[in-house]
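Okay, my_file_21.cif now, which holds mmCIF, C-alpha atoms:
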```cif
data_protein
#
loop_
_atom_site.label_atom_id
_atom_site.label_comp_id
_atom_site.auth_asym_id
_atom_site.auth_seq_id
_atom_site.Cartn_x
_atom_site.Cartn_y
_atom_site.Cartn_z
CA MET X 218 98.00 92.05 93.43
CA LEU X 219 96.46 94.05 90.67
CA GLU X 220 99.49 95.90 89.44
CA GLU X 221 100.04 96.51 85.78
CA ASN X 222 103.29 94.57 85.79
CA ASN X 223 101.65 91.59 87.46
CA VAL X 224 99.89 88.74 85.68
CA ALA X 225 97.03 90.96 84.68
CA THR X 226 95.95 91.11 81.07
CA GLU X 227 93.36 93.33 79.54
CA THR X 228 90.41 91.97 77.64
CA GLU X 229 87.28 93.52 76.18
CA ASP X 230 86.06 96.98 77.04
CA PHE X 231 83.29 97.54 79.54
CA GLY X 232 81.31 100.66 80.19
CA ASN X 233 80.17 100.53 83.80
CA SER X 234 82.43 100.31 86.76
CA LEU X 235 82.25 100.58 90.50
CA THR X 236 85.32 101.10 92.65
CA PHE X 237 85.08 100.00 96.26
CA LEU X 238 87.47 101.56 98.76
CA ASN X 239 87.86 98.64 101.13
CA ASN X 240 90.42 97.03 103.39
CA THR X 241 92.50 95.73 100.48
CA GLY X 242 92.76 99.18 98.90
CA ASP X 243 90.52 100.00 95.98
CA VAL X 244 88.89 97.19 94.05
CA THR X 245 87.16 98.01 90.79
CA ILE X 246 84.48 95.80 89.32
CA THR X 247 82.67 95.89 86.02
CA TRP X 248 79.67 93.97 84.74
CA SER X 249 77.58 93.43 81.67
CA PRO X 250 74.19 95.17 81.31
CA GLU X 251 72.18 92.00 82.01
CA ASN X 252 73.55 92.06 85.57
CA ASP X 253 72.53 95.65 86.24
CA GLU X 254 69.75 94.54 88.58
CA LYS X 255 72.08 92.41 90.70
CA ILE X 256 74.49 95.31 91.02
CA LYS X 257 71.62 97.59 92.00
CA ASP X 258 70.70 95.09 94.72
CA LEU X 259 74.25 95.17 96.02
CA VAL X 260 74.30 98.98 95.97
CA ARG X 261 70.91 99.13 97.72
CA GLN X 262 72.20 96.82 100.43
CA LYS X 263 75.38 98.85 100.89
CA MET X 264 73.50 102.16 100.96
CA ALA X 265 71.37 100.76 103.76
CA ALA X 266 74.58 99.86 105.60
CA GLY X 267 75.82 103.45 105.39
CA TYR X 268 77.99 103.33 102.29
CA VAL X 269 78.18 106.48 100.19
CA PHE X 270 78.46 106.26 96.40
CA PHE X 271 80.05 109.02 94.38
CA THR X 272 79.32 109.08 90.69
CA LEU X 273 82.09 110.33 88.46
CA ARG X 274 81.87 112.44 85.34
CA LYS X 275 84.49 113.20 82.79
CA VAL X 276 85.91 116.68 82.78
CA VAL X 277 84.65 118.55 79.72
CA ILE X 278 87.84 118.93 77.70
CA GLU X 279 88.78 115.30 78.13
CA SER X 280 85.28 114.20 77.15
CA ILE X 281 85.53 115.87 73.79
CA LYS X 282 88.91 114.29 73.16
CA VAL X 283 87.72 110.81 74.06
CA LYS X 284 84.50 111.16 72.10
CA ARG X 285 86.40 111.93 68.93
CA LYS X 286 88.78 109.08 69.53
CA ILE X 287 86.43 106.25 70.23
CA GLY X 288 83.30 107.42 68.46
CA GLU X 289 80.36 105.12 69.09
CA LYS X 290 82.30 102.59 71.08
CA GLY X 291 81.65 104.14 74.48
CA VAL X 292 83.81 104.93 77.43
CA ASP X 293 87.11 103.10 77.16
CA THR X 294 88.56 103.80 80.57
CA ILE X 295 87.58 100.50 82.12
CA THR X 296 88.78 97.10 81.06
CA SER X 297 88.15 93.78 82.71
CA LEU X 298 91.10 92.19 84.38
CA VAL X 299 92.21 88.59 84.18
CA ILE X 300 94.39 87.36 87.00
CA GLU X 301 95.66 83.95 87.96
CA ASP X 302 93.26 81.76 89.92
CA SER X 303 95.54 81.73 92.95
CA GLU X 304 95.74 85.52 92.94
CA PHE X 305 92.00 85.75 92.52
CA ASP X 306 91.33 83.32 95.38
CA LYS X 307 93.71 85.24 97.62
CA LEU X 308 92.07 88.55 96.78
CA VAL X 309 88.58 87.22 97.46
CA LYS X 310 89.73 85.54 100.67
CA ASP X 311 91.37 88.71 101.98
CA MET X 312 88.38 90.85 101.09
CA ASP X 313 86.32 91.73 104.13
CA ASP X 314 83.25 92.40 102.00
CA ARG X 315 81.45 89.08 101.58
CA ASP X 316 78.74 90.50 99.31
CA LEU X 317 81.27 91.83 96.85
CA ALA X 318 83.33 88.64 97.05
CA THR X 319 80.24 86.58 96.24
CA LEU X 320 79.44 88.67 93.16
CA LEU X 321 83.00 88.17 91.94
CA LYS X 322 83.00 84.47 92.65
CA ASP X 323 79.75 83.78 90.85
CA ARG X 324 80.93 85.91 87.90
CA THR X 325 78.12 88.43 88.15
CA ALA X 326 80.85 91.05 88.20
CA GLN X 327 84.44 90.93 87.04
CA LEU X 328 87.54 92.57 88.39
CA ALA X 329 88.45 95.59 86.35
CA LYS X 330 91.27 97.99 85.87
CA ARG X 331 90.93 101.71 85.50
CA LYS X 332 92.90 103.19 82.60
CA GLY X 333 92.04 106.78 83.38
CA LYS X 334 94.40 109.62 82.61
CA SER X 335 95.38 112.33 85.03
CA LYS X 336 92.47 114.57 86.04
CA GLU X 337 90.18 112.77 83.61
CA PHE X 338 87.32 112.50 86.08
CA THR X 339 85.75 114.55 88.76
CA SER X 340 83.06 113.75 91.27
CA ALA X 341 79.53 114.42 90.08
CA GLY X 342 78.20 114.16 93.62
CA ILE X 343 76.62 111.56 95.84
CA ALA X 344 74.29 109.08 94.18
CA LYS X 345 70.85 109.08 95.76
CA THR X 346 69.64 105.75 94.37
CA PRO X 347 71.17 102.52 93.07
CA GLU X 348 69.88 103.52 89.65
CA ASP X 349 72.07 106.64 89.79
CA VAL X 350 75.11 104.45 90.42
CA VAL X 351 74.46 102.16 87.48
CA ARG X 352 73.35 104.96 85.19
CA GLY X 353 76.39 107.04 86.13
CA LYS X 354 78.73 104.57 84.37
CA GLN X 355 81.53 105.06 86.89
CA ALA X 356 81.23 105.33 90.65
CA ILE X 357 83.27 105.06 93.82
CA ALA X 358 81.89 103.43 96.96
CA VAL X 359 83.01 104.79 100.32
CA ARG X 360 82.52 102.91 103.54
CA PRO X 361 80.48 104.41 106.37
CA VAL X 362 81.84 107.67 107.74
CA VAL X 363 82.08 107.84 111.51
CA GLY X 364 83.24 110.37 114.04
CA GLY X 365 86.42 109.37 115.82
CA MET E 203 106.74 77.60 128.93
CA PRO E 204 109.79 79.24 130.39
CA ILE E 205 112.03 81.89 129.08
CA VAL E 206 115.23 80.46 127.74
CA ALA E 207 118.52 82.03 126.83
CA PRO E 208 119.72 79.84 123.98
CA SER E 209 123.12 81.43 123.61
CA SER E 210 126.29 80.15 125.17
CA SER E 211 126.35 82.67 128.00
CA ILE E 212 123.36 84.06 129.81
CA GLY E 213 121.70 87.03 128.22
CA VAL E 214 124.10 87.27 125.36
CA GLY E 215 122.27 87.07 122.09
CA GLN E 216 118.55 86.84 121.71
CA ILE E 217 116.27 85.73 124.49
CA TYR E 218 113.86 83.09 123.28
CA TRP E 219 110.45 84.16 124.47
CA PRO E 220 107.67 81.82 123.44
CA THR E 221 104.30 83.41 122.72
CA THR E 222 102.79 81.19 125.39
CA ALA E 223 105.06 82.83 127.96
CA GLN E 224 103.96 86.39 127.25
CA ASN E 225 102.41 86.68 130.68
CA GLN E 226 105.60 85.77 132.45
CA GLY E 227 108.02 88.23 133.83
CA ILE E 228 111.76 88.41 133.70
CA TRP E 229 114.00 90.35 136.01
CA TYR E 230 117.46 90.58 137.36
CA THR E 231 119.18 90.26 140.79
CA SER E 232 117.92 88.17 143.63
CA THR E 233 114.85 90.18 144.61
CA THR E 234 111.65 88.19 144.84
CA THR E 235 109.26 90.87 143.64
CA SER E 236 109.39 93.08 140.65
CA SER E 237 107.21 95.26 138.53
CA ALA E 238 107.21 93.82 135.06
CA THR E 239 106.65 97.21 133.54
CA GLN E 240 110.05 98.18 134.76
CA LEU E 241 112.85 98.35 132.24
CA ILE E 242 115.62 96.15 133.46
CA THR E 243 119.12 97.00 132.44
CA PRO E 244 121.56 94.70 134.12
CA SER E 245 125.08 95.80 133.54
CA THR E 246 126.50 92.36 132.96
CA ILE E 247 123.98 90.61 130.75
CA GLY E 248 122.47 93.23 128.53
CA THR E 249 119.12 95.01 128.39
CA PHE E 250 115.72 93.39 128.65
CA TYR E 251 112.20 94.71 128.45
CA CYS E 252 109.46 93.09 130.45
CA PRO E 253 105.99 92.26 129.18
CA PRO E 254 103.34 94.66 130.43
CA GLN E 255 101.90 92.32 133.06
CA ILE E 256 102.80 92.83 136.71
CA ILE E 257 104.65 89.99 138.38
CA THR E 258 104.37 89.96 142.15
CA THR E 259 106.05 86.75 143.19
CA ALA E 260 109.03 84.79 142.14
CA THR E 261 108.56 81.07 142.34
CA THR E 262 110.80 79.49 139.86
CA THR E 263 112.97 76.69 138.89
CA PRO E 264 115.16 78.58 136.52
CA PHE E 265 116.01 76.90 133.31
CA ILE E 266 118.61 78.80 131.43
CA ASN E 267 120.86 77.64 128.69
CA GLY E 268 119.70 74.07 129.08
CA THR E 269 120.49 73.89 132.81
CA TYR E 270 118.14 73.71 135.77
CA LEU E 271 119.13 76.10 138.54
CA THR E 272 117.82 75.03 141.90
CA GLY E 273 118.50 76.05 145.46
CA THR E 274 120.18 79.33 146.15
CA SER E 275 120.50 81.12 142.91
CA PRO E 276 123.70 82.91 142.18
CA SER E 277 123.57 86.65 141.80
CA GLY E 278 123.50 87.84 138.25
CA TRP E 279 121.22 85.17 136.81
CA LEU E 280 117.94 85.72 135.11
CA TYR E 281 114.82 84.76 136.98
CA TYR E 282 111.37 84.19 135.69
CA SER E 283 108.03 83.21 137.06
CA ALA E 284 106.57 79.94 135.93
CA PRO E 285 103.56 77.81 136.78
CA SER E 286 104.12 74.93 139.21
CA ASP E 287 103.63 72.35 136.47
CA TRP E 288 106.25 73.98 134.34
CA LYS E 289 108.44 71.85 132.14
CA PRO E 290 111.37 72.97 130.02
CA PRO E 291 110.66 73.21 126.31
CA THR E 292 111.73 70.37 124.12
CA PRO E 293 113.94 71.05 121.09
CA GLU E 294 110.86 70.28 118.96
CA GLN E 295 108.87 72.99 120.72
CA ILE E 296 111.68 75.47 120.25
CA ALA E 297 111.94 74.57 116.56
CA LEU E 298 108.16 74.90 116.19
CA GLU E 299 108.22 78.30 117.79
CA ALA E 300 111.01 79.44 115.47
CA LYS E 301 109.06 78.11 112.49
CA TYR E 302 105.97 80.00 113.62
CA LYS E 303 108.01 83.17 113.96
CA ARG E 304 109.47 82.77 110.47
CA ALA E 305 105.99 82.16 109.03
CA GLN E 306 104.76 85.33 110.72
CA GLN E 307 107.65 87.28 109.23
CA ARG E 308 106.89 85.91 105.76
CA GLN E 309 103.21 86.77 106.16
CA HIS E 310 104.11 90.30 107.20
CA ALA E 311 106.38 90.67 104.17
CA ILE E 312 103.49 89.63 101.90
CA LYS E 313 101.17 92.12 103.62
CA VAL E 314 103.73 94.87 103.07
CA GLU E 315 103.91 94.00 99.36
CA HIS E 316 100.12 94.09 99.08
CA ALA E 317 100.04 97.39 100.94
CA LYS E 318 102.52 98.85 98.47
CA GLY E 319 100.24 97.70 95.64
CA ALA E 320 97.23 99.26 97.35
CA ILE E 321 99.12 102.55 97.80
CA LYS E 322 100.11 102.55 94.15
CA ARG E 323 96.51 101.95 93.03
CA ALA E 324 95.22 104.64 95.38
CA LEU E 325 97.72 107.14 93.99
CA LYS E 326 96.64 106.31 90.46
CA LEU E 327 92.98 106.66 91.33
CA MET E 328 93.62 109.97 93.08
CA ASP E 329 95.47 111.27 90.06
CA ASN E 330 92.61 110.10 87.87
CA VAL E 331 90.04 112.13 89.82
CA GLY E 332 92.20 115.24 89.99
CA PHE E 333 93.77 114.91 93.41
CA GLY E 334 97.24 113.88 92.23
CA ASN E 335 99.16 117.02 93.10
CA GLU E 336 97.55 117.44 96.49
CA VAL E 337 98.32 113.88 97.54
CA LYS E 338 102.00 114.46 96.80
CA VAL E 339 101.93 117.41 99.18
CA PHE E 340 100.08 115.32 101.76
CA LEU E 341 102.64 112.53 101.51
CA GLY E 342 105.41 115.08 101.85
CA GLY E 343 104.04 115.94 105.27
CA SER E 344 102.62 119.37 104.49
CA ALA E 345 99.01 120.43 104.94
CA VAL E 346 96.75 120.24 101.90
CA GLU E 347 93.93 122.71 101.51
CA VAL E 348 90.67 121.21 100.28
CA SER E 349 87.56 123.29 99.79
CA HIS E 350 84.50 123.89 97.66
CA PRO E 351 84.19 127.25 95.89
CA ASP E 352 80.76 127.93 97.42
CA SER E 353 81.73 127.10 100.99
CA MET E 354 82.82 129.47 103.74
CA PHE E 355 85.15 126.77 105.05
CA LYS E 356 88.38 125.21 103.99
CA PHE E 357 89.77 121.96 105.31
CA MET E 358 93.45 121.55 106.07
CA LEU E 359 94.45 117.94 105.77
CA SER E 360 97.87 116.76 106.87
CA ARG E 361 99.57 113.51 107.63
CA SER E 362 100.20 112.69 111.25
CA ARG E 363 103.91 112.38 111.84
CA TYR E 364 103.34 109.29 114.00
CA VAL E 365 101.51 107.37 111.31
CA GLY E 366 103.29 105.01 108.95
CA LEU E 367 101.78 104.87 105.48
CA ILE E 368 102.29 101.14 105.08
CA ASP E 369 101.15 100.42 108.61
CA LYS E 370 97.93 102.38 108.10
CA THR E 371 97.36 100.57 104.81
CA ILE E 372 97.75 97.14 106.39
CA ASN E 373 95.95 97.91 109.64
CA THR E 374 92.77 99.62 108.58
CA GLY E 375 90.88 99.04 111.83
CA GLY E 376 90.95 101.18 114.93
CA HIS E 377 89.04 104.25 115.96
CA MET E 378 91.70 106.91 115.51
CA ILE E 379 91.96 109.05 112.43
CA PRO E 380 95.27 108.49 110.64
CA TYR E 381 95.54 112.15 109.56
CA ARG E 382 95.03 115.59 110.98
CA LEU E 383 91.95 117.45 109.78
CA GLU E 384 91.48 121.10 110.68
CA LEU E 385 88.57 123.34 109.81
CA TYR E 386 89.24 126.97 108.91
CA THR E 387 87.15 129.74 107.48
CA LYS E 388 88.38 131.02 104.15
CA THR E 389 89.57 134.08 106.02
CA ASP E 390 92.01 131.85 107.92
CA VAL E 391 90.21 131.66 111.26
CA HIS E 392 90.70 128.31 112.88
CA VAL E 393 87.28 126.90 113.76
CA ALA E 394 87.95 123.37 115.00
CA ASN E 395 89.89 120.16 114.69
CA LEU E 396 87.78 117.38 113.27
CA CYS E 397 87.91 113.69 114.04
CA VAL E 398 86.26 111.61 111.35
CA TYR E 399 87.22 108.53 109.40
CA MET E 400 85.94 105.85 107.04
CA GLN E 401 85.64 102.37 108.52
CA ASP E 402 88.22 99.75 107.52
CA THR E 403 89.72 101.81 104.73
CA PRO E 404 93.42 102.38 104.04
CA ILE E 405 94.74 105.86 104.77
CA LEU E 406 95.11 107.13 101.19
CA ASP E 407 91.66 105.90 100.21
CA GLN E 408 90.28 107.78 103.21
CA VAL E 409 92.06 110.92 102.05
CA LEU E 410 90.54 110.44 98.60
CA ALA E 411 87.06 109.92 100.04
CA LEU E 412 87.36 113.01 102.24
CA SER E 413 88.45 115.16 99.34
CA MET E 414 85.55 113.87 97.25
CA PHE E 415 83.02 114.77 99.93
CA ILE E 416 84.43 118.27 100.23
CA ARG E 417 84.96 118.99 96.55
CA SER E 418 81.52 117.69 95.64
CA GLY E 419 79.95 120.25 97.95
CA GLU E 420 78.97 117.55 100.43
CA GLU E 421 81.09 118.87 103.29
CA ASP E 422 78.07 119.01 105.63
CA TYR E 423 78.10 115.22 105.62
CA ILE E 424 81.64 115.28 107.07
CA LEU E 425 80.99 118.20 109.42
CA GLU E 426 77.93 116.52 110.92
CA LYS E 427 79.58 113.13 111.36
CA ALA E 428 82.83 114.47 112.80
CA ASN E 429 83.66 114.97 116.43
CA TRP E 430 84.75 118.55 116.90
CA THR E 431 87.62 119.55 119.12
CA ILE E 432 87.75 123.21 119.92
CA LYS E 433 88.58 125.34 122.92
CA ASP E 434 86.37 128.32 122.35
CA CYS E 435 84.51 130.14 119.62
CA ASP E 436 84.05 133.82 119.04
CA THR E 437 80.41 134.94 119.19
CA VAL E 438 80.54 136.63 115.82
CA LEU E 439 82.15 133.60 114.23
CA ARG E 440 79.55 131.34 115.80
CA GLN E 441 76.73 133.46 114.43
CA ALA E 442 78.33 133.56 111.00
CA ILE E 443 78.68 129.77 110.94
CA LEU E 444 75.11 129.21 112.10
CA LEU E 445 73.79 131.65 109.54
CA GLU E 446 75.55 129.73 106.80
CA LYS E 447 75.09 126.25 108.22
CA PRO E 448 72.22 125.86 110.70
CA CYS E 449 72.83 122.11 110.65
CA LEU E 450 75.94 122.67 112.78
CA SER E 451 74.08 124.14 115.76
CA SER E 452 74.40 120.91 117.77
CA LYS E 453 78.16 120.92 117.22
CA LEU E 454 78.55 124.55 118.27
CA LYS E 455 76.35 124.15 121.35
CA ARG E 456 79.07 122.17 123.06
CA ILE E 457 81.67 124.84 122.52
CA PRO E 458 82.13 127.50 125.20
CA TYR E 459 81.71 131.13 124.24
CA ASN E 460 84.65 133.45 123.95
CA HIS E 461 83.35 137.02 124.09
#
```
Here is a file; write its structure as structure tokens.
Amino acid sequence: MLEENNVATETEDFGNSLTFLNNTGDVTITWSPENDEKIKDLVRQKMAAGYVFFTLRKVVIESIKVKRKIGEKGVDTITSLVIEDSEFDKLVKDMDDRDLATLLKDRTAQLAKRKGKSKEFTSAGIAKTPEDVVRGKQAIAVRPVVGG
Amino acid sequence: MPIVAPSSSIGVGQIYWPTTAQNQGIWYTSTTTSSATQLITPSTIGTFYCPPQIITTATTTPFINGTYLTGTSPSGWLYYSAPSDWKPPTPEQIALEAKYKRAQQRQHAIKVEHAKGAIKRALKLMDNVGFGNEVKVFLGGSAVEVSHPDSMFKFMLSRSRYVGLIDKTINTGGHMIPYRLELYTKTDVHVANLCVYMQDTPILDQVLALSMFIRSGEEDYILEKANWTIKDCDTVLRQAILLEKPCLSSKLKRIPYNH
């Protein structure tokens, strides 16, 4: 659905991203700063439901390289993703996370694509608050962990 | 609905088995009782598997190959159980059933394509966060060692040989872990097998999540949530674990001592 060779096209660069590991595989969203609070609400809700959020940080050597390359522009590893309406509808319909689907449908958040290179990131640990997730620029959401 | 053999001779070709007839049995010879769990292998008409339900009586008006069979049934025919108000399927019903089956096959093919996409994205994400080489080993069927430098433990993660990658990407539900997770000390003493998983998450994404917990130094989260399977535990090892991780005392309490 979200493959590079599909109908996806890249648009403007975004800084923040959140990747959800859900039933459809991983879905990455991005948003503009004015929607930070809405994303925090979503994260707060998911944390209460048992989700764990890992913030990511760039590995040191790569950070230096990227900083020189893009200067003041910011982190360029996330781009929003434009897909056909039918693909979008199918993705949202198949998603078993209604909260996330709603944010995507009302355009609070957009689908995004990670452009990261190999070993570019590493986990910076578990976020304690929704603010950590938003401040951390990039994060991965893991569904509740249970004993089998 | 009955079971119908649409081919020109009985049992040759595919048996048409409507979904509405899944609770009906099918057996061979003229016996009037049969266990439907029994594999029936008649020598003259091929091999048939029964649905899992148990059939205890045979009250039928056989309808095979478009013909009603009443009275004394000849040996070598298929029999089936059917409700008293049974009627043979119309050609429209048969066509509808075939259409439904084709639609299901198409839907499955789409799911497989989506699963392949999800696997590809997961691999890319894993590579991005530095787990690319390990996941290749995992997919190859070998055990991957994941640990944190400050921990006394290492986790050996391997793919269960009975688990299909695409299947466990499509079907994310269930309460069984789709991989094998073993806990060792860094001195190679096997401590336990762990059973822990992330709800409704495809297999590779679960592997990624597990590795992130462990590599971030958050392994206690996994150890406390997991169900431990272990036969015994050496007293010295137990004390060493408790000294390092008092939070695991409830897990170790259930394990018998091995002096």
Item checked: Matched chain/residue IDs from the PyMOL selection byres ((chain X) within 8 of (chain E)), as JSON, numbers by chain -> {"X": [218, 219, 220, 238, 239, 240, 241, 242, 243, 271, 331, 333, 334, 335, 336, 337, 338, 339, 340, 341, 342, 343, 359, 360, 361, 362, 363, 364, 365]}
Note to self: One decimal, in Å: what's the spacing between atom CA of Thr272 of chain X and atom CA of Lys354 of chain X?
What the structure shows: 7.8 Å
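Near Lys447 of chain E, within a cut-off of 12 Å and counting only C-alpha atoms, sit the residues E:Ser353, E:Met354, E:Phe355, E:Glu421, E:Asp422, E:Tyr423, E:Leu425, E:Glu426, E:Leu439, E:Arg440, E:Gln441, E:Ala442, E:Ile443, E:Leu444, E:Leu445, E:Cys449, E:Leu450, E:Ser451, E:Ser452, E:Lys453, E:Leu454, with same-chain residues fewer than 2 positions away left out.
Across the structure, atom CA of Asp369 of chain E and atom CA of Gln307 of chain E are spaced 14.7 Å apart.
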Next item on the list: Can you turn the PyMOL selection byres ((chain E and resi 382) around 8) into a concrete residue list for this file, as number ranges by chain?
Entry: E: 358-362, 379-381, 383-384, 395-397
Item checked: Which of X:Ala265, X:Leu273, X:Leu317, X:Leu328 sits closest to Gln355 of chain X [using all atoms listed in the file] ->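 Closest to Gln355 of chain X of all the choices is X:Leu273.
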Check: What does the distance from atom CA of Lys275 of chain X to atom CA of Phe237 of chain X come to in Å, to one decimal?
Finding: 18.9 Å
Checklist line | Selected residue, from X:Leu321, X:Ala358, X:Val309, X:Met264, that lies nearest to Lys345 of chain X when counting only C-alpha atoms | finding: X:Met264
Notebook entry, point to check: Within 12 Å of Lys388 of chain E, counting all atoms listed in the file, which residues qualify if same-chain residues fewer than 2 places away don't, as a list in words?
Noted result: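 After dropping sequence-adjacent residues, the list is Glu347, Val348, Ser349, His350, Pro351, Asp352, Ser353, Met354, Phe355, Lys356, Phe357, Met358, Leu385, Tyr386, Asp390, Val391, His392, Val393 and Ile443 of chain E.
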How would the residues just chosen look if you wrote them out with C-alpha atoms as a short mmCIF file (atom, residue, chain, number, x, y, z; two decimals), in the frame of the given file?
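See again_9.cif below for the written result:
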```
data_model
loop_
_atom_site.label_atom_id
_atom_site.label_comp_id
_atom_site.auth_asym_id
_atom_site.auth_seq_id
_atom_site.Cartn_x
_atom_site.Cartn_y
_atom_site.Cartn_z
CA GLU E 347 93.93 122.71 101.51
CA VAL E 348 90.67 121.21 100.28
CA SER E 349 87.56 123.29 99.79
CA HIS E 350 84.50 123.89 97.66
CA PRO E 351 84.19 127.25 95.89
CA ASP E 352 80.76 127.93 97.42
CA SER E 353 81.73 127.10 100.99
CA MET E 354 82.82 129.47 103.74
CA PHE E 355 85.15 126.77 105.05
CA LYS E 356 88.38 125.21 103.99
CA PHE E 357 89.77 121.96 105.31
CA MET E 358 93.45 121.55 106.07
CA LEU E 385 88.57 123.34 109.81
CA TYR E 386 89.24 126.97 108.91
CA ASP E 390 92.01 131.85 107.92
CA VAL E 391 90.21 131.66 111.26
CA HIS E 392 90.70 128.31 112.88
CA VAL E 393 87.28 126.90 113.76
CA ILE E 443 78.68 129.77 110.94
#
```
Next item on the list: Evaluate the PyMOL selection byres ((chain X and resi 252) around 12) on the structure here and hand back the selected residues as a PyMOL selection string.
Entry: chain X and resi 233+247-251+253-259+320+323-327+351
